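To be precise, the following lines are run18.pdb, and they hold PDB, C-alpha atoms and all ligand atoms.
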```pdb
ATOM      1  CA  MET A 380     -30.855   5.053  19.978
ATOM      2  CA  ASN A 381     -30.928   5.052  16.184
ATOM      3  CA  GLU A 382     -33.675   2.543  15.307
ATOM      4  CA  LEU A 383     -31.959   1.205  12.211
ATOM      5  CA  ILE A 384     -28.893   0.402  14.266
ATOM      6  CA  ALA A 385     -30.952  -1.071  17.117
ATOM      7  CA  LYS A 386     -32.496  -3.534  14.624
ATOM      8  CA  LEU A 387     -29.060  -4.756  13.585
ATOM      9  CA  ARG A 388     -28.616  -6.885  16.707
ATOM     10  CA  LYS A 389     -26.969 -10.183  15.930
ATOM     11  CA  GLU A 390     -26.040 -13.223  18.000
ATOM     12  CA  TYR A 391     -22.470 -14.337  17.415
ATOM     13  CA  LEU A 392     -22.989 -18.053  17.831
ATOM     14  CA  ASN A 393     -21.286 -19.586  14.809
ATOM     15  CA  SER A 394     -17.710 -19.616  15.849
ATOM     16  CA  SER A 395     -15.740 -19.856  19.022
ATOM     17  CA  LEU A 396     -12.024 -19.674  19.607
ATOM     18  CA  ASP A 397     -10.213 -22.189  21.785
ATOM     19  CA  ILE A 398      -6.650 -21.167  22.611
ATOM     20  CA  ARG A 399      -5.611 -24.834  22.298
ATOM     21  CA  ASP A 400      -6.540 -24.757  18.602
ATOM     22  CA  ILE A 401      -4.295 -21.805  17.837
ATOM     23  CA  LEU A 402      -1.062 -22.550  15.989
ATOM     24  CA  LYS A 403       2.183 -21.384  17.594
ATOM     25  CA  ASN A 404       3.257 -19.481  14.480
ATOM     26  CA  PRO A 405       0.802 -16.588  13.973
ATOM     27  CA  ILE A 406       1.575 -16.445  10.241
ATOM     28  CA  GLU A 407       0.590 -20.105   9.901
ATOM     29  CA  GLN A 408      -2.594 -19.312  11.801
ATOM     30  CA  PHE A 409      -3.234 -16.390   9.450
ATOM     31  CA  ASP A 410      -2.590 -18.641   6.449
ATOM     32  CA  LYS A 411      -5.180 -21.140   7.738
ATOM     33  CA  TRP A 412      -7.783 -18.438   8.331
ATOM     34  CA  PHE A 413      -7.038 -16.610   5.082
ATOM     35  CA  LYS A 414      -7.677 -19.846   3.159
ATOM     36  CA  GLU A 415     -10.928 -20.274   5.103
ATOM     37  CA  ALA A 416     -11.904 -16.727   4.104
ATOM     38  CA  ILE A 417     -11.241 -17.552   0.438
ATOM     39  CA  ASN A 418     -13.209 -20.812   0.695
ATOM     40  CA  ALA A 419     -16.099 -18.904   2.291
ATOM     41  CA  GLN A 420     -16.137 -16.762  -0.894
ATOM     42  CA  ILE A 421     -15.835 -13.558   1.056
ATOM     43  CA  GLU A 422     -15.671 -10.617  -1.308
ATOM     44  CA  GLU A 423     -12.146  -9.177  -1.298
ATOM     45  CA  PRO A 424     -10.844 -11.286   1.610
ATOM     46  CA  ASN A 425      -7.501  -9.509   1.139
ATOM     47  CA  ALA A 426      -8.999  -6.081   1.897
ATOM     48  CA  MET A 427      -7.619  -4.844   5.209
ATOM     49  CA  ALA A 428      -7.860  -1.684   7.250
ATOM     50  CA  LEU A 429      -4.499   0.025   7.618
ATOM     51  CA  ALA A 430      -4.036   2.475  10.505
ATOM     52  CA  THR A 431      -1.227   5.010  10.513
ATOM     53  CA  VAL A 432      -0.427   8.017  12.644
ATOM     54  CA  ASN A 433       0.751  11.419  11.426
ATOM     55  CA  LYS A 434       3.145  14.005  12.841
ATOM     56  CA  GLU A 435       0.365  15.551  14.946
ATOM     57  CA  GLY A 436      -0.484  12.170  16.464
ATOM     58  CA  GLN A 437      -3.723  11.948  14.458
ATOM     59  CA  VAL A 438      -4.640   8.371  13.545
ATOM     60  CA  SER A 439      -6.049   7.573  10.071
ATOM     61  CA  VAL A 440      -7.536   4.316   8.844
ATOM     62  CA  ARG A 441      -8.224   3.247   5.264
ATOM     63  CA  ILE A 442      -8.597   0.058   3.257
ATOM     64  CA  VAL A 443      -5.680  -1.378   1.270
ATOM     65  CA  LEU A 444      -5.219  -4.759  -0.384
ATOM     66  CA  LEU A 445      -2.915  -7.428   0.984
ATOM     67  CA  LYS A 446      -0.695  -8.606  -1.864
ATOM     68  CA  ASP A 447       1.434 -11.232  -0.128
ATOM     69  CA  TYR A 448       2.327 -12.614   3.281
ATOM     70  CA  SER A 449       5.062 -14.798   4.713
ATOM     71  CA  ASN A 450       7.096 -15.103   7.900
ATOM     72  CA  GLU A 451       8.679 -11.810   6.774
ATOM     73  CA  GLY A 452       5.365  -9.982   7.145
ATOM     74  CA  PHE A 453       2.393  -8.656   5.191
ATOM     75  CA  GLU A 454       2.775  -6.792   1.888
ATOM     76  CA  PHE A 455       0.689  -4.005   0.460
ATOM     77  CA  PHE A 456       1.403  -1.391  -2.163
ATOM     78  CA  THR A 457       0.753   2.297  -2.057
ATOM     79  CA  ASN A 458       2.055   5.622  -3.237
ATOM     80  CA  TYR A 459       4.896   6.902  -1.043
ATOM     81  CA  ASN A 460       3.557  10.454  -1.522
ATOM     82  CA  SER A 461       0.060   9.602  -0.271
ATOM     83  CA  ASN A 462      -1.015  10.626   3.223
ATOM     84  CA  LYS A 463      -0.406   7.112   4.510
ATOM     85  CA  GLY A 464       2.989   7.023   2.777
ATOM     86  CA  LYS A 465       3.981  10.255   4.509
ATOM     87  CA  ASP A 466       2.622   9.043   7.859
ATOM     88  CA  ILE A 467       4.691   5.863   7.634
ATOM     89  CA  GLU A 468       7.798   7.790   6.588
ATOM     90  CA  PHE A 469       7.468   9.779   9.826
ATOM     91  CA  ASN A 470       6.331   6.934  12.092
ATOM     92  CA  ASN A 471       6.332   3.349  10.864
ATOM     93  CA  ASN A 472       4.123   1.985  13.659
ATOM     94  CA  ILE A 473       1.050   0.650  11.915
ATOM     95  CA  GLY A 474      -1.995  -1.499  12.582
ATOM     96  CA  LEU A 475      -3.837  -3.817  10.217
ATOM     97  CA  ASN A 476      -7.258  -5.351  10.608
ATOM     98  CA  PHE A 477      -9.041  -7.941   8.499
ATOM     99  CA  PHE A 478     -12.772  -8.338   9.119
ATOM    100  CA  TRP A 479     -14.386 -11.466   7.701
ATOM    101  CA  GLY A 480     -18.026 -10.995   8.676
ATOM    102  CA  ILE A 481     -19.590 -14.263   7.615
ATOM    103  CA  LEU A 482     -16.896 -16.107   9.561
ATOM    104  CA  GLN A 483     -17.520 -13.813  12.539
ATOM    105  CA  ARG A 484     -13.806 -13.244  12.653
ATOM    106  CA  GLN A 485     -11.281 -10.437  12.669
ATOM    107  CA  VAL A 486      -7.481 -10.533  12.592
ATOM    108  CA  ARG A 487      -5.600  -7.682  14.258
ATOM    109  CA  ILE A 488      -1.961  -7.046  13.450
ATOM    110  CA  GLN A 489       0.379  -4.496  15.022
ATOM    111  CA  GLY A 490       3.876  -3.863  13.742
ATOM    112  CA  TYR A 491       6.254  -1.743  11.736
ATOM    113  CA  ALA A 492       6.100  -0.933   8.027
ATOM    114  CA  TYR A 493       9.211  -1.049   5.856
ATOM    115  CA  LYS A 494       9.669  -0.233   2.202
ATOM    116  CA  LEU A 495      10.012  -3.226  -0.096
ATOM    117  CA  SER A 496      12.971  -3.275  -2.447
ATOM    118  CA  GLU A 497      12.773  -1.238  -5.641
ATOM    119  CA  GLU A 498      12.778  -4.493  -7.620
ATOM    120  CA  GLU A 499       9.740  -5.805  -5.732
ATOM    121  CA  SER A 500       7.892  -2.494  -6.174
ATOM    122  CA  GLU A 501       8.669  -2.411  -9.879
ATOM    123  CA  LYS A 502       7.688  -6.042 -10.338
ATOM    124  CA  TYR A 503       4.296  -5.297  -8.771
ATOM    125  CA  PHE A 504       3.840  -2.061 -10.747
ATOM    126  CA  ASN A 505       4.607  -3.807 -14.034
ATOM    127  CA  SER A 506       2.173  -6.626 -13.176
ATOM    128  CA  ARG A 507      -0.753  -4.143 -13.006
ATOM    129  CA  PRO A 508      -3.066  -3.559 -15.986
ATOM    130  CA  LEU A 509      -2.061  -0.645 -18.236
ATOM    131  CA  GLY A 510      -5.040   1.495 -17.121
ATOM    132  CA  SER A 511      -4.110   1.138 -13.442
ATOM    133  CA  ARG A 512      -0.489   2.023 -14.182
ATOM    134  CA  ILE A 513      -1.501   5.145 -16.069
ATOM    135  CA  SER A 514      -3.954   6.212 -13.378
ATOM    136  CA  ALA A 515      -1.325   5.663 -10.643
ATOM    137  CA  ILE A 516       1.000   8.024 -12.495
ATOM    138  CA  ILE A 517      -1.460  10.766 -13.423
ATOM    139  CA  SER A 518      -3.667  10.890 -10.316
ATOM    140  CA  PRO A 519      -1.619  11.250  -7.147
ATOM    141  CA  GLN A 520      -3.273   9.675  -4.086
ATOM    142  CA  SER A 521      -4.709  11.757  -1.236
ATOM    143  CA  GLN A 522      -4.945  14.885  -3.397
ATOM    144  CA  LYS A 523      -8.034  16.744  -4.517
ATOM    145  CA  ASN A 524      -8.775  16.718  -8.221
ATOM    146  CA  THR A 525      -8.760  20.284  -9.466
ATOM    147  CA  LYS A 526      -9.873  21.337 -12.923
TER     148      LYS A 526
HETATM  149  C1  LIG B 601     -11.404  -2.143  -1.652
HETATM  150  C2  LIG B 601     -10.328  -1.070  -1.633
HETATM  151  C3  LIG B 601      -9.009  -1.437  -1.848
HETATM  152  C4  LIG B 601      -7.999  -0.478  -1.842
HETATM  153  N1  LIG B 601      -6.698  -0.868  -2.005
HETATM  154  C5  LIG B 601      -5.708   0.046  -1.943
HETATM  155  C6  LIG B 601      -4.334  -0.360  -2.021
HETATM  156  O1  LIG B 601      -3.990  -1.545  -2.108
HETATM  157  N2  LIG B 601      -3.387   0.606  -1.946
HETATM  158  C7  LIG B 601      -3.701   1.928  -1.807
HETATM  159  O2  LIG B 601      -2.784   2.744  -1.761
HETATM  160  N3  LIG B 601      -4.983   2.347  -1.716
HETATM  161  C8  LIG B 601      -5.991   1.442  -1.783
HETATM  162  N4  LIG B 601      -7.303   1.843  -1.677
HETATM  163  C9  LIG B 601      -7.587   3.295  -1.505
HETATM  164  C10 LIG B 601      -7.336   3.691  -0.043
HETATM  165  O3  LIG B 601      -8.366   3.177   0.775
HETATM  166  C11 LIG B 601      -7.248   5.213   0.150
HETATM  167  O4  LIG B 601      -8.456   5.829  -0.209
HETATM  168  C12 LIG B 601      -6.130   5.848  -0.669
HETATM  169  O5  LIG B 601      -4.991   5.008  -0.715
HETATM  170  C13 LIG B 601      -5.715   7.206  -0.071
HETATM  171  O6  LIG B 601      -5.418   7.022   1.298
HETATM  172  P1  LIG B 601      -4.560   8.079   2.175
HETATM  173  O7  LIG B 601      -5.041   9.445   1.773
HETATM  174  O8  LIG B 601      -4.900   7.751   3.572
HETATM  175  O9  LIG B 601      -3.108   7.862   1.855
HETATM  176  C14 LIG B 601      -8.321   0.895  -1.645
HETATM  177  C15 LIG B 601      -9.660   1.246  -1.406
HETATM  178  C16 LIG B 601     -10.639   0.284  -1.400
HETATM  179  C17 LIG B 601     -12.071   0.695  -1.109
END
```
For the file at hand, write its structure as structure tokens.
Amino acid sequence: MNELIAKLRKEYLNSSLDIRDILKNPIEQFDKWFKEAINAQIEEPNAMALATVNKEGQVSVRIVLLKDYSNEGFEFFTNYNSNKGKDIEFNNNIGLNFFWGILQRQVRIQGYAYKLSEEESEKYFNSRPLGSRISAIISPQSQKNTK
């Protein structure tokens, strides 16, 4: 076994989960835990792994940022022409995973992705700093930079 990995053994003693403490509405439960993640000063608590599947059935996972959540679902923004955008266009089954290490906690979400309205997309785009807007336009995601 890789020695560096063998030394990483950790006892998960801090937290336990009692089903009786879980709220009936999973979004309310998420809201409670998300606030705990913010209070714990976790770096980028809104970073989540997003899993998609392509036409060949190949699964891909990458990090995206959660931008909002409600009983309607979880919002993130991406380029429709990126690999993940194309995957979702073909098959909108997705998985999300938040990992909040110091809380010894993960949240797993399975569901379907839908496009937000054009107004919502534009509102988000216009809220981004100028540099990010320019870079989103001139450097398409998931493509190699060629000179
Ligand atoms: C901390 C972090 C946050 C990120 N947030 C986003 C995001 O909100 N939206 C996005 O499209 N890509 C985001 N990315 C980049 C993606 O992880 C990914 O590299 C990129 O979107 C291309 O993915 P794809 O080729 O699978 O489509 C983020 C990366 C990191 C490390």
Is it possible to get the axis-aligned box enclosing ligand LIG 601 (chain B) (all listed atoms, 4 Å extra per side) as JSON, with centre and edge lengths in Å rounded to one decimal?
```
{"center_x": -7.4, "center_y": 3.7, "center_z": 0.7, "size_x": 17.3, "size_y": 19.6, "size_z": 13.7}
```
Item to complete: I need the residue set behind the PyMOL selection byres (((chain A and resi 459) around 12) and not hetatm) for this file; please write it as a PyMOL selection string.
Response: chain A and resi 455-458+460-469+493-495+500+515+519-521
Item to complete: Go through A:Lys411, A:Arg399, A:Lys389, A:Arg507 one by one, measure the shortest atom-to-atom distance of each to A:Gln483 using all atoms listed in the file, and give the residue with the smallest value.
Response: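 Answer, going by the shortest atom-to-atom distance: A:Lys389.
Summary of the local environment: counting all atoms listed in the file, residues at most 10 Å from A:Tyr491, other than itself and those fewer than 3 positions away along its chain, are Gly452, Ile467, Asn470, Asn471, Asn472, Ile473, Gly474 and Ile488 of chain A.
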Practice prompt. Go ahead and compute the interatomic distance for atom C12 of ligand LIG 601 (chain B) and atom CA of A:Arg441, in Å to one decimal.
Written response: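 Between these atoms lies a distance of 6.8 Å.
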Discussion item. Show me, as a PyMOL selection string, the residues that have an atom within 9 Å of A:Glu407 when counting all atoms listed in the file, minus same-chain residues fewer than 4 positions from it.
Written reply: chain A and resi 402-403+411-412+449-450
Practice prompt. Find the residue from A:Ile481, A:Ala385, A:Val486, A:Ile398 that sits nearest to A:Ala428; use all atoms listed in the file when measuring.
Written response: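 Result for the nearest residue to A:Ala428: A:Val486.
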Discussion item. Translate the PyMOL selection byres (((chain A and resi 446) around 8) and not hetatm) into a concrete residue list for this structure, as a list in words.
Written reply: Asn425, Leu444, Leu445, Asp447, Tyr448, Phe453, Glu454, Phe455 and Phe456 of chain A
Practice prompt. For the file shown, report as a ChimeraX atom specification the outcome of the PyMOL selection byres (((chain A and resi 478) around 9) and not hetatm) at residue level.
Written response: /A:424,426-428,476-477,479-480,482-487
